[in-house]
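A.B. asks: Have a peek at final_34.cif (mmCIF, C-alpha atoms).
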data_run
#
loop_
_atom_site.label_atom_id
_atom_site.label_comp_id
_atom_site.auth_asym_id
_atom_site.auth_seq_id
_atom_site.Cartn_x
_atom_site.Cartn_y
_atom_site.Cartn_z
CA MET U 1 0.00 0.00 0.00
CA ALA U 2 1.33 3.42 -0.93
CA THR U 3 0.54 6.40 1.27
CA ASN U 4 1.56 8.70 -1.56
CA SER U 5 0.91 7.06 -4.91
CA LYS U 6 2.83 7.93 -8.08
CA ILE U 7 -0.33 7.28 -10.11
CA GLU U 8 -1.30 10.70 -11.40
CA TRP U 9 -5.07 10.45 -10.88
CA THR U 10 -5.10 9.24 -7.28
CA GLU U 11 -3.43 9.99 -3.94
CA SER U 12 -3.02 6.57 -2.31
CA THR U 13 -3.41 2.89 -3.10
CA TRP U 14 -5.00 0.17 -0.97
CA ASN U 15 -4.50 -3.50 -1.84
CA PRO U 16 -6.55 -5.94 0.26
CA ILE U 17 -6.25 -8.12 -2.85
CA THR U 18 -3.04 -8.72 -4.77
CA GLY U 19 -2.45 -10.76 -7.90
CA CYS U 20 -4.37 -11.23 -11.11
CA THR U 21 -4.45 -13.13 -14.40
CA LYS U 22 -4.40 -11.84 -17.94
CA PHE U 23 -7.92 -11.14 -19.13
CA SER U 24 -7.85 -9.04 -22.31
CA LEU U 25 -5.57 -7.27 -24.79
CA GLY U 26 -4.45 -4.55 -22.38
CA CYS U 27 -3.01 -7.10 -19.94
CA GLN U 28 -0.17 -8.17 -22.23
CA ASN U 29 2.50 -6.06 -20.52
CA CYS U 30 0.93 -5.77 -17.07
CA TYR U 31 2.86 -3.36 -14.82
CA ALA U 32 1.36 -4.92 -11.67
CA GLU U 33 2.68 -8.34 -12.60
CA ARG U 34 6.20 -6.95 -13.06
CA MET U 35 5.98 -5.15 -9.72
CA ALA U 36 4.60 -8.22 -7.91
CA LYS U 37 7.51 -10.37 -9.12
CA ARG U 38 9.95 -7.75 -7.85
CA LEU U 39 8.24 -7.54 -4.45
CA HIS U 40 8.11 -11.34 -4.21
CA ALA U 41 11.85 -11.51 -4.84
CA MET U 42 12.38 -8.90 -2.10
CA GLY U 43 10.51 -11.08 0.40
CA ASN U 44 7.43 -8.87 0.80
CA LYS U 45 4.93 -11.05 2.72
CA ASN U 46 1.91 -9.74 0.81
CA TYR U 47 3.47 -11.15 -2.36
CA ARG U 48 4.41 -14.55 -0.97
CA ASN U 49 2.16 -16.02 -3.70
CA CYS U 50 3.76 -13.70 -6.26
CA PHE U 51 0.97 -12.73 -8.69
CA THR U 52 -1.57 -15.40 -7.73
CA PRO U 53 -4.83 -13.68 -6.66
CA THR U 54 -4.70 -13.47 -2.85
CA PHE U 55 -6.95 -11.81 -0.27
CA HIS U 56 -5.20 -10.12 2.69
CA PRO U 57 -7.51 -9.70 5.72
CA HIS U 58 -4.86 -7.72 7.64
CA MET U 59 -5.04 -4.99 4.99
CA LEU U 60 -8.78 -4.39 5.36
CA ASP U 61 -8.74 -1.74 8.07
CA LYS U 62 -5.96 0.42 6.62
CA PRO U 63 -8.27 3.17 5.24
CA LEU U 64 -9.90 3.45 8.66
CA ILE U 65 -6.53 4.45 10.14
CA TRP U 66 -6.16 7.34 7.67
CA LYS U 67 -8.25 10.06 9.31
CA LYS U 68 -7.60 12.77 6.73
CA SER U 69 -9.72 12.33 3.59
CA ARG U 70 -7.90 11.19 0.47
CA MET U 71 -8.45 9.69 -2.97
CA ILE U 72 -7.71 5.94 -2.81
CA PHE U 73 -7.24 3.59 -5.77
CA VAL U 74 -8.59 0.20 -4.66
CA ASN U 75 -6.59 -2.92 -5.62
CA SER U 76 -4.12 -1.28 -7.95
CA MET U 77 -2.27 -4.62 -7.88
CA SER U 78 -5.27 -6.74 -8.78
CA ASP U 79 -8.86 -6.64 -10.04
CA THR U 80 -11.49 -6.41 -7.30
CA PHE U 81 -13.88 -8.56 -9.36
CA HIS U 82 -11.41 -11.30 -10.28
CA GLU U 83 -13.14 -14.64 -10.68
CA ASN U 84 -10.93 -16.29 -8.02
CA ILE U 85 -11.92 -13.82 -5.29
CA ASP U 86 -14.89 -15.01 -3.25
CA ASP U 87 -17.97 -12.76 -3.06
CA LYS U 88 -17.64 -12.56 0.73
CA TYR U 89 -14.24 -10.89 0.42
CA ILE U 90 -15.57 -8.31 -2.02
CA LEU U 91 -18.39 -7.58 0.43
CA LYS U 92 -15.83 -7.08 3.23
CA ILE U 93 -13.93 -4.56 1.09
CA PHE U 94 -17.13 -2.66 0.34
CA ARG U 95 -18.12 -2.57 4.02
CA VAL U 96 -14.84 -0.81 4.83
CA MET U 97 -15.45 1.70 2.03
CA ASN U 98 -19.00 2.25 3.28
CA ILE U 99 -17.68 3.03 6.76
CA ALA U 100 -14.79 5.24 5.63
CA ARG U 101 -16.99 7.82 3.95
CA TRP U 102 -14.44 10.59 4.47
CA HIS U 103 -12.34 8.95 1.72
CA THR U 104 -13.10 8.68 -1.99
CA PHE U 105 -12.46 5.16 -3.31
CA GLN U 106 -11.70 4.49 -6.96
CA VAL U 107 -12.59 0.95 -8.06
CA LEU U 108 -11.48 -0.09 -11.55
CA THR U 109 -12.19 -3.37 -13.35
CA LYS U 110 -12.05 -5.17 -16.67
CA ARG U 111 -14.28 -7.97 -15.41
CA THR U 112 -17.65 -6.34 -15.95
CA GLU U 113 -19.66 -9.55 -16.25
CA ARG U 114 -18.67 -10.51 -12.71
CA LEU U 115 -19.32 -6.93 -11.64
CA LYS U 116 -22.89 -7.05 -13.00
CA ARG U 117 -23.62 -10.32 -11.20
CA ILE U 118 -22.61 -8.98 -7.78
CA ALA U 119 -23.35 -5.25 -8.13
CA LYS U 120 -26.85 -5.34 -6.61
CA SER U 121 -25.56 -6.95 -3.41
CA LEU U 122 -23.04 -4.13 -2.89
CA ASN U 123 -23.69 -0.84 -1.11
CA TRP U 124 -22.63 1.90 -3.53
CA THR U 125 -22.21 4.78 -1.13
CA PRO U 126 -21.41 8.09 -2.93
CA ASN U 127 -17.74 7.91 -1.92
CA ILE U 128 -17.20 4.85 -4.16
CA TRP U 129 -16.34 5.63 -7.76
CA LEU U 130 -16.69 2.78 -10.25
CA GLY U 131 -14.63 2.57 -13.42
CA VAL U 132 -14.00 0.17 -16.28
CA THR U 133 -10.91 -0.22 -18.44
CA ILE U 134 -11.35 -0.13 -22.22
CA GLU U 135 -8.25 -0.71 -24.32
CA SER U 136 -9.85 -0.80 -27.78
CA ASN U 137 -13.16 -0.96 -29.61
CA ASP U 138 -13.24 -4.72 -28.88
CA TYR U 139 -14.24 -3.96 -25.27
CA ILE U 140 -16.62 -1.05 -25.75
CA ASN U 141 -19.48 -3.16 -24.34
CA ARG U 142 -17.98 -2.67 -20.86
CA ILE U 143 -19.51 0.81 -20.87
CA GLU U 144 -23.03 -0.65 -20.91
CA ASP U 145 -22.11 -2.89 -17.98
CA LEU U 146 -20.74 0.12 -16.11
CA ILE U 147 -23.86 2.22 -16.66
CA SER U 148 -26.06 -0.63 -15.41
CA CYS U 149 -24.45 -0.41 -11.96
CA ASN U 150 -25.78 1.89 -9.26
CA ALA U 151 -22.62 3.89 -8.58
CA SER U 152 -23.07 7.65 -8.30
CA THR U 153 -19.74 8.36 -10.05
CA ARG U 154 -18.79 6.28 -13.09
CA TYR U 155 -15.61 6.58 -15.08
CA ILE U 156 -13.75 5.02 -18.01
CA SER U 157 -10.00 4.38 -18.13
CA PHE U 158 -8.74 4.10 -21.71
CA GLU U 159 -5.36 2.72 -20.62
CA PRO U 160 -3.41 1.37 -22.26
CA LEU U 161 -5.17 2.91 -25.28
CA LEU U 162 -4.42 0.55 -28.17
CA SER U 163 -6.73 1.78 -30.93
CA SER U 164 -8.94 4.58 -32.10
CA ILE U 165 -12.25 4.66 -30.22
CA ASN U 166 -15.00 6.83 -31.66
CA ASN U 167 -18.65 7.42 -30.84
CA VAL U 168 -18.19 6.57 -27.18
CA ASN U 169 -21.43 6.59 -25.21
CA LEU U 170 -20.61 9.11 -22.49
CA GLU U 171 -24.15 9.48 -21.18
CA ASN U 172 -24.09 8.94 -17.40
CA ILE U 173 -20.27 8.91 -17.43
CA ASN U 174 -18.62 11.33 -14.99
CA TRP U 175 -14.94 11.07 -15.87
CA VAL U 176 -12.55 9.79 -18.56
CA ILE U 177 -8.86 8.86 -18.19
CA VAL U 178 -6.57 8.22 -21.17
CA GLY U 179 -3.04 6.85 -21.02
CA GLY U 180 -0.47 5.05 -23.12
CA GLU U 181 1.27 1.83 -22.18
CA SER U 182 4.62 2.12 -20.40
CA GLY U 183 7.55 -0.13 -19.65
CA PRO U 184 9.27 -2.93 -21.59
CA GLY U 185 7.51 -3.79 -24.86
CA ALA U 186 5.16 -0.80 -24.60
CA ARG U 187 2.81 -0.49 -27.57
CA ILE U 188 2.57 2.89 -29.27
CA MET U 189 -0.44 5.17 -28.73
CA GLN U 190 -1.30 7.59 -31.54
CA LYS U 191 -2.00 11.24 -30.79
CA ASP U 192 -5.13 11.18 -32.98
CA TRP U 193 -6.65 8.50 -30.73
CA VAL U 194 -6.19 10.68 -27.65
CA VAL U 195 -7.51 13.86 -29.30
CA GLU U 196 -10.53 11.94 -30.58
CA ILE U 197 -11.53 10.92 -27.05
CA ARG U 198 -10.66 14.34 -25.59
CA ASN U 199 -12.95 16.02 -28.12
CA GLN U 200 -15.80 13.64 -27.31
CA CYS U 201 -15.40 14.48 -23.63
CA GLN U 202 -15.49 18.21 -24.33
CA ASN U 203 -18.59 17.83 -26.49
CA ASN U 204 -20.32 15.97 -23.66
CA ASN U 205 -18.99 18.08 -20.74
CA VAL U 206 -17.17 15.10 -19.24
CA PRO U 207 -13.95 15.79 -17.24
CA PHE U 208 -10.90 14.53 -19.15
CA PHE U 209 -7.64 13.36 -17.54
CA PHE U 210 -4.59 12.61 -19.70
CA LYS U 211 -2.28 10.39 -17.66
CA GLN U 212 0.73 9.83 -19.93
CA TRP U 213 2.07 9.10 -23.42
CA GLY U 214 3.82 6.05 -22.04
CA GLY U 215 6.60 4.26 -23.84
CA VAL U 216 9.71 2.64 -22.43
CA ASN U 217 10.63 5.91 -20.70
CA LYS U 218 7.30 7.42 -19.67
CA LYS U 219 8.90 10.31 -17.76
CA LYS U 220 10.69 11.46 -20.90
CA SER U 221 7.51 11.12 -22.98
CA GLY U 222 5.60 13.18 -20.43
CA ARG U 223 1.89 13.93 -20.33
CA VAL U 224 1.44 17.15 -22.28
CA LEU U 225 -1.32 17.08 -24.90
CA GLU U 226 -1.51 20.05 -27.27
CA ASN U 227 0.56 22.27 -24.94
CA LYS U 228 -1.56 21.51 -21.90
CA ILE U 229 -1.71 19.21 -18.87
CA TRP U 230 -5.22 17.75 -18.67
CA ASP U 231 -6.00 17.05 -15.01
CA GLU U 232 -9.78 17.40 -15.01
CA MET U 233 -11.58 15.46 -12.27
CA PRO U 234 -15.17 14.93 -11.16
CA VAL U 235 -16.19 16.55 -7.90
CA SER U 236 -15.88 14.08 -5.03
CA PRO U 237 -18.61 13.76 -2.37
CA ASN U 238 -16.21 15.18 0.24
CA GLN U 239 -15.53 18.22 -1.96
CA ARG U 240 -19.27 18.71 -2.38
CA MET U 241 -19.70 18.57 1.41
CA ASN U 242 -17.00 21.20 1.88
CA THR U 243 -18.62 23.41 -0.75
CA ASP U 244 -21.96 23.09 0.99
CA LYS U 245 -20.37 24.09 4.32
CA VAL U 246 -18.81 27.17 2.73
CA ALA U 247 -22.10 28.13 1.14
CA CYS U 248 -23.94 27.76 4.43
CA HIS U 249 -21.32 29.74 6.27
CA GLY U 250 -21.69 32.53 3.71
CA LEU U 251 -25.38 32.80 4.55
#
The structure in this file should be written as structure tokens.
C.D. replies:
Amino acid sequence: MATNSKIEWTESTWNPITGCTKFSLGCQNCYAERMAKRLHAMGNKNYRNCFTPTFHPHMLDKPLIWKKSRMIFVNSMSDTFHENIDDKYILKIFRVMNIARWHTFQVLTKRTERLKRIAKSLNWTPNIWLGVTIESNDYINRIEDLISCNASTRYISFEPLLSSINNVNLENINWVIVGGESGPGARIMQKDWVVEIRNQCQNNNVPFFFKQWGGVNKKKSGRVLENKIWDEMPVSPNQRMNTDKVACHGL
């Protein structure tokens, strides 16, 4: 778990689940798998099973210890809705998020069929954001699965973006992230693909976040798109609460 995450669109990570298996085209050069192998070699106990999906009960209460509100990416080293994770463990994770309402939790998945099956048994408090990853047009159906779930904030992560994606249904979508693949064997992302999605977001008044160009050296490639850093975010429930307090105080 990282108190200060290097992921541009979050503040911290929380991993009550670690490990995953390749599921679709975007998983080919999985950064989490590379990191898990490194941590396993270093003797990190949470990665004793390397990248095999594993639930860690001792990690459950970590967000409850953080008293100051923060943006938390849930299971950055796994997929919350992995088929090998029992429903009861997913429910435990959601109960913690339901309690820790001072945080904003960002859940991201590729496994939308599993998500749909369990979604109605989960308590989608407003502090839980739900996102799906879409790498190419082959997985555009994940948007329909996302919209069918009762989360108050829904987002799409086009990362790694591997093809042009046009005519995206952004109705009831609150945020879009775009990023290129990074690390060894990184596949190239075309500028036109990014601009295409950015323009669709602007036309639909959806906040747009450009994470990175990627490549083998992502720091060198940077994250500037058309002379600008795109860091647009939806308003979190905690921000809305603070705004309401200011408004009331002004009266």
A.B. asks: I'd like to know which of U:Val74, U:Ile99, U:Ile93, U:Leu60 is closest to Ser5 of chain U, using only C-alpha atoms.
C.D. replies: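 Of the candidates, the smallest distance to Ser5 of chain U is held by U:Val74.
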A.B. asks: To one decimal in Å, tell me the separation between atom CA of Ser157 of chain U and atom CA of Asn217 of chain U.
C.D. replies: 20.8 Å
A.B. asks: Just so the selection is clear, what residues does the PyMOL selection byres ((chain U and resi 145-151) around 7) cover here, as an MDAnalysis selection string?
C.D. replies: chainID U and resid 112 116 119 124 129:130 132 141:144 152:154 172
A.B. asks: Of the candidates U:Ser182, U:Thr18, U:Asn203, U:Gln212, which one gets nearest to Pro57 of chain U if we count all atoms listed in the file?
C.D. replies: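 Among the listed residues, the smallest separation from Pro57 of chain U belongs to U:Thr18.
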A.B. asks: Which residue is closest to Ser163 of chain U? Choose from U:Gly26, U:Asn205, U:Thr125, U:Phe210 and count all atoms listed in the file.
C.D. replies: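 Answer, going by the shortest atom-to-atom distance: U:Gly26.
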A.B. asks: Hey, which of U:Cys20, U:Leu25, U:Ala41, U:Ile72 ends up closest to Phe55 of chain U? Count all atoms listed in the file.
C.D. replies: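 The shortest atom-to-atom distance to Phe55 of chain U comes from U:Cys20.
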A.B. asks: Just how far from atom CA of Ala32 of chain U is atom CA of Ser78 of chain U, in Å to one decimal?
C.D. replies: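 Atom-to-atom, atom CA of Ser78 of chain U and atom CA of Ala32 of chain U are spaced 7.5 Å apart.
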A.B. asks: Taking into account all atoms listed in the file, which residue in the set U:Thr21, U:Arg70, U:Glu135, U:Leu115 is nearest to Asn4 of chain U?
C.D. replies: U:Arg70
A.B. asks: If we count only C-alpha atoms, what is near Met35 of chain U at a cut-off of 12 Å, once residues fewer than 2 positions away on the same chain are taken out, given as a count of residues only?
C.D. replies: 21
A.B. asks: Taking all atoms of segment 132-143 of chain U that appear in the file, build a box with edges along x, y and z, extend it by 3 Å on every side, and state its centre and edge lengths in Å to one decimal, as JSON.
C.D. replies:
{"center_x": -13.9, "center_y": -2.0, "center_z": -22.9, "size_x": 17.3, "size_y": 11.5, "size_z": 19.3}
A.B. asks: Nearest to His82 of chain U among U:Lys22, U:Arg95, U:Lys220, U:Lys211, with distances taken over all atoms listed in the file: which residue is it?
C.D. replies: U:Lys22
A.B. asks: For Gln200 of chain U, please output as a list in words all residues within 12 Å (counting all atoms listed in the file; exclusion window: fewer than 4 positions along the same chain).
C.D. replies: Ile165, Asn166, Asn167, Val168, Asn169, Leu170, Glu171, Ile173, Trp175, Val176, Trp193, Val194, Val195, Glu196, Asn204, Asn205, Val206, Pro207 and Phe208 of chain U
A.B. asks: I would like the residues chosen by the PyMOL selection byres ((chain U and resi 190) around 9) on the shown file; could you give them as a ChimeraX atom specification?
C.D. replies: /U:161-164,180,188-189,191-194,213
A.B. asks: Can you measure atom CA of Pro63 of chain U to atom CA of Tyr89 of chain U for me? One decimal in Å is fine.
C.D. replies: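 Rounded to one decimal, the two atoms are 16.0 Å apart.
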A.B. asks: On this structure, the PyMOL selection byres ((chain U and resi 3) around 12) would catch which residues? List them as number ranges by chain, sorted by chain and number.
C.D. replies: U: 1-2, 4-7, 10-15, 62-63, 65-66, 68, 70-73
A.B. asks: The selected residues should be written to file as a CSV table (one decimal), in the coordinates of the input (atoms: C-alpha atoms).
C.D. replies:
chain,number,residue,atom,x,y,z
U,1,MET,CA,0.0,0.0,0.0
U,2,ALA,CA,1.3,3.4,-0.9
U,4,ASN,CA,1.6,8.7,-1.6
U,5,SER,CA,0.9,7.1,-4.9
U,6,LYS,CA,2.8,7.9,-8.1
U,7,ILE,CA,-0.3,7.3,-10.1
U,10,THR,CA,-5.1,9.2,-7.3
U,11,GLU,CA,-3.4,10.0,-3.9
U,12,SER,CA,-3.0,6.6,-2.3
U,13,THR,CA,-3.4,2.9,-3.1
U,14,TRP,CA,-5.0,0.2,-1.0
U,15,ASN,CA,-4.5,-3.5,-1.8
U,62,LYS,CA,-6.0,0.4,6.6
U,63,PRO,CA,-8.3,3.2,5.2
U,65,ILE,CA,-6.5,4.4,10.1
U,66,TRP,CA,-6.2,7.3,7.7
U,68,LYS,CA,-7.6,12.8,6.7
U,70,ARG,CA,-7.9,11.2,0.5
U,71,MET,CA,-8.4,9.7,-3.0
U,72,ILE,CA,-7.7,5.9,-2.8
U,73,PHE,CA,-7.2,3.6,-5.8
